[in-house]
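Coordinates as given in my_file.csv (CSV, C-alpha atoms (C1' of nucleotides)):
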```
chain,number,residue,atom,x,y,z
A,1,MET,CA,4.2,-71.4,22.2
A,2,THR,CA,2.4,-74.5,21.0
A,3,GLU,CA,4.2,-77.8,20.4
A,4,LYS,CA,4.0,-77.5,16.7
A,5,GLN,CA,5.5,-74.0,16.8
A,6,GLU,CA,8.5,-75.4,18.7
A,7,ARG,CA,8.8,-78.2,16.2
A,8,ILE,CA,8.9,-75.7,13.4
A,9,LEU,CA,11.6,-73.6,15.1
A,10,HIS,CA,13.6,-76.6,15.9
A,11,SER,CA,13.5,-78.1,12.4
A,12,ALA,CA,14.2,-74.7,10.9
A,13,LEU,CA,17.2,-74.1,13.1
A,14,ARG,CA,18.7,-77.5,12.1
A,15,LEU,CA,18.0,-77.0,8.4
A,16,PHE,CA,19.1,-73.4,8.2
A,17,ALA,CA,22.3,-74.2,10.1
A,18,THR,CA,23.3,-77.3,8.1
A,19,GLU,CA,22.1,-76.4,4.6
A,20,GLY,CA,21.9,-72.6,4.7
A,21,TYR,CA,18.9,-70.3,5.0
A,22,ALA,CA,18.5,-69.5,1.3
A,23,SER,CA,18.7,-73.1,0.2
A,24,THR,CA,16.2,-74.4,2.7
A,25,SER,CA,12.6,-74.2,1.5
A,26,THR,CA,9.7,-73.6,3.7
A,27,SER,CA,8.1,-76.8,2.4
A,28,LYS,CA,11.1,-78.8,3.6
A,29,VAL,CA,10.9,-77.2,7.0
A,30,ALA,CA,7.3,-78.1,7.2
A,31,LYS,CA,7.9,-81.7,6.1
A,32,THR,CA,10.7,-82.1,8.7
A,33,ALA,CA,8.6,-80.7,11.4
A,34,GLY,CA,5.6,-82.8,10.5
A,35,VAL,CA,3.3,-79.9,10.0
A,36,SER,CA,1.5,-78.3,7.1
A,37,GLU,CA,3.4,-75.6,5.2
A,38,GLY,CA,0.7,-73.1,5.8
A,39,LEU,CA,1.2,-73.2,9.6
A,40,ILE,CA,4.7,-71.7,9.2
A,41,PHE,CA,3.1,-68.6,7.6
A,42,ARG,CA,0.3,-68.5,10.1
A,43,HIS,CA,2.7,-68.3,13.0
A,44,PHE,CA,5.7,-66.5,11.6
A,45,GLY,CA,4.3,-64.4,8.7
A,46,ASN,CA,6.9,-65.3,6.2
A,47,LYS,CA,10.2,-67.1,5.8
A,48,GLU,CA,12.2,-64.2,7.2
A,49,GLY,CA,9.9,-64.0,10.2
A,50,LEU,CA,10.8,-67.6,10.9
A,51,LEU,CA,14.5,-66.8,10.7
A,52,ASN,CA,14.0,-63.7,13.0
A,53,ALA,CA,12.2,-65.9,15.6
A,54,ILE,CA,15.2,-68.2,15.6
A,55,MET,CA,17.7,-65.4,15.8
A,56,ASP,CA,15.9,-63.8,18.7
A,57,GLN,CA,16.3,-67.0,20.6
A,58,SER,CA,20.0,-67.1,19.7
A,59,LYS,CA,20.6,-63.5,20.6
A,60,GLU,CA,19.0,-64.0,24.0
A,61,ALA,CA,21.2,-67.1,24.6
A,62,ALA,CA,24.3,-65.1,23.7
A,63,ARG,CA,23.3,-62.2,25.8
A,64,GLN,CA,22.9,-64.4,28.9
A,65,MET,CA,26.3,-66.0,28.3
A,66,VAL,CA,28.2,-62.7,28.3
A,67,ALA,CA,25.9,-61.1,30.9
A,68,GLU,CA,27.3,-63.2,33.8
A,69,ILE,CA,30.9,-63.0,32.5
A,70,ILE,CA,31.1,-59.2,32.3
A,71,LEU,CA,30.0,-58.9,35.9
A,72,THR,CA,33.3,-60.5,37.0
A,73,PRO,CA,35.1,-57.8,39.1
A,74,GLU,CA,38.6,-59.1,38.8
A,75,PRO,CA,40.0,-58.0,35.4
A,76,LYS,CA,42.3,-61.0,34.9
A,77,GLU,CA,39.5,-63.4,35.7
A,78,LEU,CA,37.2,-61.6,33.3
A,79,LEU,CA,39.7,-61.9,30.6
A,80,ARG,CA,40.3,-65.6,31.3
A,81,LYS,CA,36.6,-66.4,31.2
A,82,LEU,CA,36.2,-64.5,28.0
A,83,LEU,CA,39.0,-66.2,26.2
A,84,GLU,CA,37.7,-69.6,27.4
A,85,MET,CA,34.2,-68.9,26.1
A,86,PRO,CA,34.6,-70.1,22.5
A,87,PHE,CA,36.3,-73.3,23.9
A,88,ASN,CA,33.3,-74.0,26.1
A,89,ILE,CA,30.6,-74.0,23.6
A,90,GLY,CA,28.6,-77.2,24.1
A,91,LYS,CA,28.0,-79.5,21.2
A,92,GLU,CA,24.3,-79.1,21.7
A,93,HIS,CA,24.6,-75.4,20.8
A,94,TYR,CA,26.7,-76.0,17.6
A,95,GLU,CA,23.7,-75.6,15.2
A,96,MET,CA,22.7,-72.3,16.8
A,97,TRP,CA,26.2,-70.9,16.5
A,98,ARG,CA,26.8,-72.2,13.1
A,99,LEU,CA,23.7,-70.4,11.9
A,100,VAL,CA,24.7,-67.2,13.7
A,101,TYR,CA,28.2,-67.2,12.1
A,102,ALA,CA,27.0,-68.2,8.7
A,103,LEU,CA,24.5,-65.4,8.7
A,104,LYS,CA,27.2,-62.8,9.4
A,105,TRP,CA,28.1,-63.0,5.7
A,106,GLN,CA,24.6,-62.3,4.6
A,107,THR,CA,24.8,-58.6,3.8
A,108,ASP,CA,21.9,-57.4,5.8
A,109,GLN,CA,22.3,-59.6,8.9
A,110,TYR,CA,25.4,-58.2,10.5
A,111,ASP,CA,24.8,-56.9,14.0
A,112,THR,CA,27.3,-55.5,16.4
A,113,SER,CA,24.9,-54.2,19.1
A,114,THR,CA,25.1,-57.6,21.0
A,115,GLN,CA,28.8,-57.4,21.6
A,116,GLU,CA,28.8,-53.7,22.7
A,117,PRO,CA,28.5,-54.3,26.4
A,118,LEU,CA,31.2,-57.0,26.1
A,119,LYS,CA,33.5,-54.4,24.5
A,120,VAL,CA,32.9,-51.9,27.3
A,121,ALA,CA,33.8,-54.5,29.9
A,122,LEU,CA,36.9,-55.6,28.1
A,123,ILE,CA,38.2,-52.0,27.6
A,124,ASN,CA,37.7,-51.4,31.3
A,125,ALA,CA,39.6,-54.6,32.2
A,126,PHE,CA,42.6,-53.8,30.0
A,127,GLN,CA,42.7,-50.3,31.5
A,128,LYS,CA,42.8,-51.7,35.0
A,129,LEU,CA,45.6,-54.1,33.9
A,130,GLY,CA,47.6,-51.1,32.7
A,131,TYR,CA,47.7,-52.0,29.0
A,132,ALA,CA,49.0,-49.3,26.8
A,133,ASP,CA,46.1,-49.4,24.3
A,134,PRO,CA,43.0,-50.9,25.8
A,135,ASP,CA,40.8,-50.2,22.7
A,136,ALA,CA,43.2,-52.0,20.3
A,137,GLU,CA,43.7,-54.8,22.8
A,138,THR,CA,39.9,-55.3,23.0
A,139,GLU,CA,39.5,-55.5,19.3
A,140,LEU,CA,42.3,-58.0,19.2
A,141,VAL,CA,40.6,-60.2,21.7
A,142,LEU,CA,37.3,-60.0,19.9
A,143,MET,CA,39.0,-60.9,16.6
A,144,PHE,CA,40.6,-63.9,18.2
A,145,MET,CA,37.3,-65.1,19.8
A,146,ASP,CA,35.7,-64.9,16.4
A,147,GLY,CA,38.5,-66.9,14.8
A,148,ALA,CA,38.5,-69.5,17.6
A,149,ALA,CA,34.8,-70.0,17.4
A,150,THR,CA,35.0,-70.4,13.7
A,151,ALA,CA,37.7,-73.0,13.9
A,152,LEU,CA,36.0,-74.9,16.6
A,153,LEU,CA,32.6,-74.9,14.9
A,154,LEU,CA,34.0,-75.9,11.5
A,155,HIS,CA,36.7,-78.5,12.2
A,156,GLU,CA,37.2,-79.0,15.9
A,157,PRO,CA,41.0,-79.1,16.1
A,158,ASP,CA,42.5,-81.7,18.4
A,159,ARG,CA,44.5,-80.3,21.3
A,160,LYS,CA,42.0,-77.6,22.0
A,161,MET,CA,43.3,-77.1,25.5
A,162,GLU,CA,46.9,-76.7,24.4
A,163,ILE,CA,45.8,-74.0,22.1
A,164,LEU,CA,43.9,-72.3,24.9
A,165,SER,CA,47.0,-72.5,27.1
A,166,ALA,CA,49.2,-70.9,24.4
A,167,LEU,CA,46.6,-68.1,24.2
A,168,LYS,CA,46.4,-67.5,28.0
A,169,GLU,CA,50.1,-67.3,28.2
A,170,LYS,CA,50.0,-64.2,25.9
A,171,TYR,CA,48.0,-62.4,28.6
A,172,LYS,CA,50.0,-63.9,31.4
A,173,LEU,CA,46.9,-65.8,32.8
B,174,MET,CA,39.0,-67.1,-22.1
B,175,THR,CA,36.7,-64.9,-24.2
B,176,GLU,CA,35.6,-61.5,-23.1
B,177,LYS,CA,32.1,-62.7,-22.3
B,178,GLN,CA,33.4,-65.5,-20.2
B,179,GLU,CA,35.3,-63.0,-18.1
B,180,ARG,CA,32.2,-60.8,-17.8
B,181,ILE,CA,30.3,-63.8,-16.5
B,182,LEU,CA,33.0,-64.7,-14.0
B,183,HIS,CA,33.3,-61.1,-12.8
B,184,SER,CA,29.5,-60.6,-12.4
B,185,ALA,CA,29.1,-63.9,-10.7
B,186,LEU,CA,31.9,-63.2,-8.2
B,187,ARG,CA,30.3,-59.9,-7.4
B,188,LEU,CA,26.8,-61.3,-6.9
B,189,PHE,CA,27.8,-64.4,-5.1
B,190,ALA,CA,29.9,-62.4,-2.7
B,191,THR,CA,27.3,-59.7,-2.0
B,192,GLU,CA,24.0,-61.7,-2.1
B,193,GLY,CA,25.2,-65.3,-1.5
B,194,TYR,CA,25.6,-68.2,-3.9
B,195,ALA,CA,22.2,-69.8,-3.3
B,196,SER,CA,20.2,-66.6,-3.6
B,197,THR,CA,21.8,-65.5,-6.8
B,198,SER,CA,20.1,-66.9,-9.9
B,199,THR,CA,21.9,-67.7,-13.1
B,200,SER,CA,19.5,-65.4,-14.9
B,201,LYS,CA,20.6,-62.5,-12.7
B,202,VAL,CA,24.2,-63.3,-13.4
B,203,ALA,CA,23.5,-63.3,-17.1
B,204,LYS,CA,21.6,-60.1,-17.0
B,205,THR,CA,24.3,-58.4,-15.0
B,206,ALA,CA,27.0,-59.6,-17.3
B,207,GLY,CA,25.0,-58.7,-20.4
B,208,VAL,CA,25.0,-62.1,-22.0
B,209,SER,CA,22.3,-64.7,-22.6
B,210,GLU,CA,21.7,-67.1,-19.8
B,211,GLY,CA,22.4,-70.1,-22.0
B,212,LEU,CA,26.0,-69.0,-22.4
B,213,ILE,CA,26.7,-69.6,-18.7
B,214,PHE,CA,25.8,-73.3,-19.2
B,215,ARG,CA,27.7,-73.5,-22.4
B,216,HIS,CA,30.9,-72.4,-20.8
B,217,PHE,CA,30.6,-73.7,-17.2
B,218,GLY,CA,28.2,-76.6,-17.5
B,219,ASN,CA,26.0,-75.7,-14.6
B,220,LYS,CA,25.7,-73.2,-11.7
B,221,GLU,CA,28.2,-75.2,-9.5
B,222,GLY,CA,30.7,-75.2,-12.4
B,223,LEU,CA,30.5,-71.5,-12.5
B,224,LEU,CA,31.2,-71.3,-8.8
B,225,ASN,CA,34.1,-73.8,-9.1
B,226,ALA,CA,35.7,-71.6,-11.8
B,227,ILE,CA,35.6,-68.7,-9.5
B,228,MET,CA,36.9,-70.6,-6.6
B,229,ASP,CA,39.8,-72.0,-8.7
B,230,GLN,CA,40.9,-68.4,-9.4
B,231,SER,CA,40.6,-67.5,-5.7
B,232,LYS,CA,42.6,-70.5,-4.6
B,233,GLU,CA,45.3,-69.7,-7.1
B,234,ALA,CA,45.4,-66.1,-5.8
B,235,ALA,CA,45.6,-67.3,-2.2
B,236,ARG,CA,48.3,-69.9,-3.1
B,237,GLN,CA,50.5,-67.2,-4.6
B,238,MET,CA,50.1,-64.9,-1.6
B,239,VAL,CA,51.3,-67.5,0.9
B,240,ALA,CA,53.9,-69.0,-1.5
B,241,GLU,CA,56.2,-66.1,-1.3
B,242,ILE,CA,55.7,-65.6,2.4
B,243,ILE,CA,56.6,-69.1,3.5
B,244,LEU,CA,59.9,-68.9,1.7
B,245,THR,CA,61.1,-66.3,4.1
B,246,PRO,CA,64.1,-67.9,5.9
B,247,GLU,CA,64.1,-65.8,9.1
B,248,PRO,CA,61.4,-67.1,11.4
B,249,LYS,CA,60.6,-63.8,13.0
B,250,GLU,CA,60.2,-62.2,9.7
B,251,LEU,CA,58.0,-65.0,8.4
B,252,LEU,CA,55.7,-64.7,11.4
B,253,ARG,CA,55.5,-60.9,11.0
B,254,LYS,CA,54.6,-61.2,7.3
B,255,LEU,CA,51.9,-63.8,8.1
B,256,LEU,CA,50.3,-61.7,10.9
B,257,GLU,CA,50.3,-58.7,8.7
B,258,MET,CA,48.6,-60.6,5.8
B,259,PRO,CA,45.0,-60.1,6.8
B,260,PHE,CA,45.6,-56.4,7.3
B,261,ASN,CA,47.1,-56.0,3.8
B,262,ILE,CA,44.2,-57.3,1.8
B,263,GLY,CA,43.5,-54.8,-0.9
B,264,LYS,CA,39.9,-53.4,-1.2
B,265,GLU,CA,39.9,-54.7,-4.8
B,266,HIS,CA,40.1,-58.2,-3.4
B,267,TYR,CA,37.4,-57.9,-0.8
B,268,GLU,CA,34.7,-59.5,-2.9
B,269,MET,CA,36.8,-62.6,-3.6
B,270,TRP,CA,37.6,-63.0,0.1
B,271,ARG,CA,34.1,-62.4,1.2
B,272,LEU,CA,33.0,-65.2,-1.0
B,273,VAL,CA,35.7,-67.6,0.2
B,274,TYR,CA,34.8,-66.9,3.8
B,275,ALA,CA,31.1,-67.1,3.3
B,276,LEU,CA,31.4,-70.4,1.6
B,277,LYS,CA,33.3,-71.9,4.5
B,278,TRP,CA,29.9,-72.3,6.2
B,279,GLN,CA,28.4,-74.1,3.2
B,280,THR,CA,28.6,-77.6,4.5
B,281,ASP,CA,30.4,-79.2,1.5
B,282,GLN,CA,32.8,-76.3,0.7
B,283,TYR,CA,35.3,-76.4,3.5
B,284,ASP,CA,38.8,-77.1,2.4
B,285,THR,CA,42.0,-77.2,4.5
B,286,SER,CA,44.4,-78.4,1.9
B,287,THR,CA,45.2,-74.8,0.9
B,288,GLN,CA,46.5,-73.9,4.3
B,289,GLU,CA,48.6,-77.0,4.8
B,290,PRO,CA,51.9,-75.7,3.5
B,291,LEU,CA,51.4,-72.5,5.6
B,292,LYS,CA,50.9,-74.7,8.6
B,293,VAL,CA,54.2,-76.6,8.0
B,294,ALA,CA,56.1,-73.3,7.6
B,295,LEU,CA,54.6,-71.9,10.8
B,296,ILE,CA,55.4,-75.0,12.9
B,297,ASN,CA,58.9,-74.8,11.7
B,298,ALA,CA,59.2,-71.1,12.5
B,299,PHE,CA,57.9,-71.6,16.0
B,300,GLN,CA,60.3,-74.5,16.6
B,301,LYS,CA,63.3,-72.4,15.5
B,302,LEU,CA,62.1,-69.6,17.9
B,303,GLY,CA,62.1,-72.1,20.7
B,304,TYR,CA,58.4,-72.0,21.5
B,305,ALA,CA,57.2,-74.8,23.9
B,306,ASP,CA,54.3,-76.0,21.7
B,307,PRO,CA,54.8,-75.1,18.1
B,308,ASP,CA,51.7,-77.0,16.9
B,309,ALA,CA,49.4,-75.3,19.3
B,310,GLU,CA,51.0,-72.0,18.6
B,311,THR,CA,50.5,-72.5,14.9
B,312,GLU,CA,46.8,-73.2,15.4
B,313,LEU,CA,46.5,-70.1,17.5
B,314,VAL,CA,48.0,-68.0,14.7
B,315,LEU,CA,45.7,-69.5,12.1
B,316,MET,CA,42.7,-68.9,14.3
B,317,PHE,CA,43.7,-65.3,14.8
B,318,MET,CA,44.3,-64.7,11.1
B,319,ASP,CA,40.8,-66.1,10.4
B,320,GLY,CA,39.2,-63.8,13.0
B,321,ALA,CA,41.2,-60.8,11.8
B,322,ALA,CA,40.2,-61.4,8.2
B,323,THR,CA,36.6,-61.8,9.2
B,324,ALA,CA,36.6,-58.5,11.1
B,325,LEU,CA,38.3,-56.6,8.4
B,326,LEU,CA,36.1,-57.9,5.7
B,327,LEU,CA,32.9,-57.3,7.6
B,328,HIS,CA,33.3,-54.0,9.4
B,329,GLU,CA,36.8,-52.6,8.8
B,330,PRO,CA,37.6,-51.4,12.4
B,331,ASP,CA,39.3,-48.0,12.6
B,332,ARG,CA,42.8,-48.1,14.2
B,333,LYS,CA,43.7,-51.2,12.2
B,334,MET,CA,47.4,-50.6,12.7
B,335,GLU,CA,47.1,-50.2,16.5
B,336,ILE,CA,45.5,-53.6,16.6
B,337,LEU,CA,48.2,-55.0,14.5
B,338,SER,CA,50.8,-53.5,16.8
B,339,ALA,CA,49.1,-55.0,19.9
B,340,LEU,CA,49.2,-58.4,18.2
B,341,LYS,CA,52.9,-58.1,17.1
B,342,GLU,CA,53.8,-57.3,20.7
B,343,LYS,CA,52.5,-60.7,21.8
B,344,TYR,CA,55.1,-62.3,19.6
B,345,LYS,CA,57.8,-59.7,20.5
B,346,LEU,CA,58.1,-58.6,16.9
C,347,DT,C1',35.4,-71.3,-51.3
C,348,DA,C1',33.9,-75.1,-48.5
C,349,DC,C1',33.7,-77.2,-44.2
C,350,DA,C1',34.0,-77.8,-39.1
C,351,DT,C1',34.2,-75.9,-34.7
C,352,DT,C1',33.3,-72.7,-31.3
C,353,DT,C1',30.5,-68.8,-29.5
C,354,DG,C1',26.3,-67.1,-28.8
C,355,DT,C1',21.2,-66.5,-28.5
C,356,DA,C1',15.9,-66.9,-27.7
C,357,DA,C1',12.5,-69.5,-26.4
C,358,DG,C1',11.4,-72.8,-24.3
C,359,DT,C1',11.1,-77.1,-20.3
C,360,DG,C1',9.3,-79.2,-15.8
C,361,DA,C1',10.2,-78.6,-11.1
C,362,DT,C1',10.3,-75.8,-7.1
C,363,DT,C1',9.7,-71.5,-4.8
C,364,DA,C1',7.4,-68.5,-1.1
C,365,DC,C1',3.0,-67.5,-0.1
C,366,DT,C1',-2.5,-67.4,-0.1
C,367,DC,C1',-7.0,-69.0,0.5
C,368,DA,C1',-11.0,-71.4,1.9
C,369,DC,C1',-11.9,-74.3,5.1
C,370,DT,C1',-12.3,-77.4,9.5
C,371,DA,C1',-11.5,-78.4,14.6
C,372,DC,C1',-11.5,-76.9,18.9
C,373,DA,C1',-11.1,-74.2,23.3
C,374,DG,C1',-12.9,-70.5,26.0
C,375,DT,C1',-16.6,-67.1,27.1
C,376,DT,C1',-21.2,-65.4,27.8
D,377,DA,C1',-26.4,-73.1,22.9
D,378,DA,C1',-24.4,-69.4,20.3
D,379,DC,C1',-20.4,-66.9,19.4
D,380,DT,C1',-15.3,-65.7,18.9
D,381,DG,C1',-10.6,-66.4,18.2
D,382,DT,C1',-6.8,-69.3,17.5
D,383,DA,C1',-4.6,-73.6,15.6
D,384,DG,C1',-4.1,-76.2,11.8
D,385,DT,C1',-4.7,-78.2,7.0
D,386,DG,C1',-4.5,-79.1,1.9
D,387,DA,C1',-5.0,-77.5,-2.4
D,388,DG,C1',-4.1,-74.0,-4.7
D,389,DT,C1',-1.3,-69.6,-7.0
D,390,DA,C1',2.0,-66.9,-10.0
D,391,DA,C1',6.7,-66.4,-10.3
D,392,DT,C1',11.1,-68.0,-10.5
D,393,DC,C1',14.5,-71.7,-10.6
D,394,DA,C1',18.4,-74.3,-13.1
D,395,DC,C1',18.8,-76.1,-17.2
D,396,DT,C1',17.9,-77.7,-22.5
D,397,DT,C1',17.3,-77.3,-27.2
D,398,DA,C1',17.3,-75.7,-31.8
D,399,DC,C1',19.3,-72.7,-34.4
D,400,DA,C1',22.2,-68.5,-36.1
D,401,DA,C1',26.7,-66.0,-36.3
D,402,DA,C1',31.4,-65.9,-36.1
D,403,DT,C1',35.9,-67.9,-36.5
D,404,DG,C1',39.3,-70.9,-37.9
D,405,DT,C1',41.3,-74.1,-41.4
D,406,DA,C1',42.0,-76.8,-45.5
```
What is this file in structure tokens?
Amino acid sequence: MTEKQERILHSALRLFATEGYASTSTSKVAKTAGVSEGLIFRHFGNKEGLLNAIMDQSKEAARQMVAEIILTPEPKELLRKLLEMPFNIGKEHYEMWRLVYALKWQTDQYDTSTQEPLKVALINAFQKLGYADPDAETELVLMFMDGAATALLLHEPDRKMEILSALKEKYKL
Amino acid sequence: MTEKQERILHSALRLFATEGYASTSTSKVAKTAGVSEGLIFRHFGNKEGLLNAIMDQSKEAARQMVAEIILTPEPKELLRKLLEMPFNIGKEHYEMWRLVYALKWQTDQYDTSTQEPLKVALINAFQKLGYADPDAETELVLMFMDGAATALLLHEPDRKMEILSALKEKYKL
DNA sequence: TACATTTGTAAGTGATTACTCACTACAGTT
DNA sequence: AACTGTAGTGAGTAATCACTTACAAATGTA
């Protein structure tokens, strides 16, 4: 990966996340990155290839985040770490996550395979904790994590930690 | 509102919701609606004006939905109705909601004013129910409603009602 | 009937789009 | 030194973009 390739990826992530994929032109990406427009196509084939390269990086980052969490043996601790996850997204990763979340609504970009292992771990945890319906409980947690991430990425409520406390209380954590 | 105006609004809603606002051309809207492209600009001024007309309709629909709910005097019943709301979105309104949710991520389109009265009603309900932190509890509910709506609009989980039950249990409903 | 207003169209406009092409610069290999 | 492959550029391309304009048809209104 040359320096200019990284510059392209970085600029594209920023622009796609803030202004949207469709409304960001390849010429603007090139200008922002300080490279010729042709270079984008040399390295990434087409505009979608550029997006895919970014999304591959993002998926790998997400995979790593959940990978260590789902190894937690104690079910209560696993649940706690999971619920805390959206609240612990670092500001430096906001652009990446904004892009991921925005693209969910692009018809062809929705992908559930990433969260499959997380689902399995959660069902298992709820089973161990004796919940009546581990599957439903898992879906509920995933829904909440999605809503929490959305809220935090879009308008960063004050009193984050109080909200998290109220949530933890629901699971007696 | 002439028939052709309604045809334009209907086609635009469908296209904006399924393919995205930025990637839908005015010419495609016109073609789908079976009118000349110029008519769009005659009635709505420009592409953004067309979007605004759609969003005005959507906001009014949303306003009506919450309006009747927040009048509920009994706090437990209010909470129940609110939590059930995302699960009761009719399929015929999916396009509208998909557009609303997708546009949240468009930098300039995020608007909290609509949910302000809902917030007030919820805080009040949690106070009456003796919750320790009604504000945090309210934010939590709003986050969940957002996550639930997202999940339901994007991939319609089976066992919706079991998920809703698991949720209601958290609030002893 | 005469006139004014609104609704509608067809054919444009310049600007921008994603992408291509011919080319140069350079590093590594034999 | 000769050759190969990759990195990078700048000037194109046709197509599409949002939008305009000139004009016709329909509708109301006196």
- Message: Between CA of Lys204 in chain B and CA of His183 in chain B, what distance in Å does the model show, to one decimal?
- Response: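 Atom-to-atom, CA of Lys204 in chain B and CA of His183 in chain B are spaced 12.5 Å apart.
The two atoms in question, CA of Glu137 in chain A and CA of Leu152 in chain A, are spaced 22.4 Å apart.
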- Nearby residues (all atoms listed in the file) at most 12 Å from DT389 in chain D, same-chain spacing under 4 positions excluded, as a PyMOL selection string: chain C and resi 363-367
- Between CA of Ala30 in chain A and CA of Arg7 in chain A, distance in Å (one decimal):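 Between CA of Ala30 in chain A and CA of Arg7 in chain A the gap works out to 9.1 Å.
The shell of residues at most 10 Å from DG354 in chain C, with only C-alpha atoms (C1' of nucleotides) counted and near chain neighbours (fewer than 4 positions) removed, consists of B:Lys177, B:Val208, B:Ser209, B:Gly211, B:Leu212, B:Arg215, D:DA400, D:DA401, D:DA402.
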- Task: Write out as a count of residues only the residues lying within 12 Å of DT362 in chain C, counting all atoms listed in the file and excluding same-chain residues fewer than 6 positions away.
- Result: 10
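Environment of (-12.7, -79.8, 12.5): residues at most 10 Å away, judged by all atoms listed in the file, are DC369, DT370, DA371 and DC372 of chain C; DG384 and DT385 of chain D.
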Kindly provide the residues of chain A that approach chain B to within 6 Å, each paired with its closest atom pair and their distance in Å to one decimal, based on all atoms listed in the file, listed by chain and increasing number, as CSV.
```
residue,atom,partner,partner_atom,distance
A:Ala22,CA,B:Ala195,CA,5.9
A:Ser23,CA,B:Ala195,CA,5.9
A:Ala102,CA,B:Trp278,CA,5.6
A:Trp105,CA,B:Ala275,CA,5.6
A:Ala136,CA,B:Ile336,CA,4.6
A:Met143,CA,B:Gly320,CA,4.6
A:Phe144,CA,B:Phe317,CA,4.8
A:Asp146,CA,B:Gly320,CA,5.0
A:Gly147,CA,B:Gly320,CA,3.7
A:Ala148,CA,B:Met316,CA,5.4
A:Glu162,CA,B:Ala309,CA,5.8
A:Ile163,CA,B:Ala309,CA,4.7
A:Lys170,CA,B:Lys343,CA,5.9
```
For range 379-398 of chain D, take all atoms listed in the file, fit an axis-aligned box around them, add 3 Å to each of the six sides, then output centre and edge lengths in Å rounded to one decimal, as AutoDock Vina command-line options.
```
--center_x -0.8 --center_y -72.4 --center_z -6.2 --size_x 45.2 --size_y 19.4 --size_z 57.2
```
- Item | Selected residue, from A:Glu84, A:Glu37, A:Glu6, A:Asp111, that lies nearest to chain D when counting all atoms listed in the file |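 The answer is A:Glu37, which sits nearest to chain D.
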- Message: Using all atoms listed in the file, which protein or nucleic acid residues come within 8 Å of Ser184 in chain B? Drop anything in the same chain fewer than 3 positions from it, and give the result as a PyMOL selection string.
- Response: chain B and resi 180-181+187-188+202+205-206
- Between D:DC379, D:DG404, D:DG388, D:DC399, which one has atoms that come closest to chain A, using only C-alpha atoms (C1' of nucleotides)? D:DG388
- Message: Select, as a ChimeraX atom specification, those residues of chain C with any atom no more than 9 Å from chain B (distances computed using only C-alpha atoms (C1' of nucleotides)).
- Response: /C:353-356
- Query: Quick one: residues within 8 Å of Lys249 in chain B, only C-alpha atoms (C1' of nucleotides) counted, chain neighbours fewer than 6 positions away excluded, as a ChimeraX atom specification?
  - Reply: /B:298,302,346
- Using only C-alpha atoms (C1' of nucleotides), which of the listed residues (A:Ala67, A:Met1, A:Met85, A:Val100) sits closest to chain D?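 For chain D, the nearest of the candidates is A:Met1.
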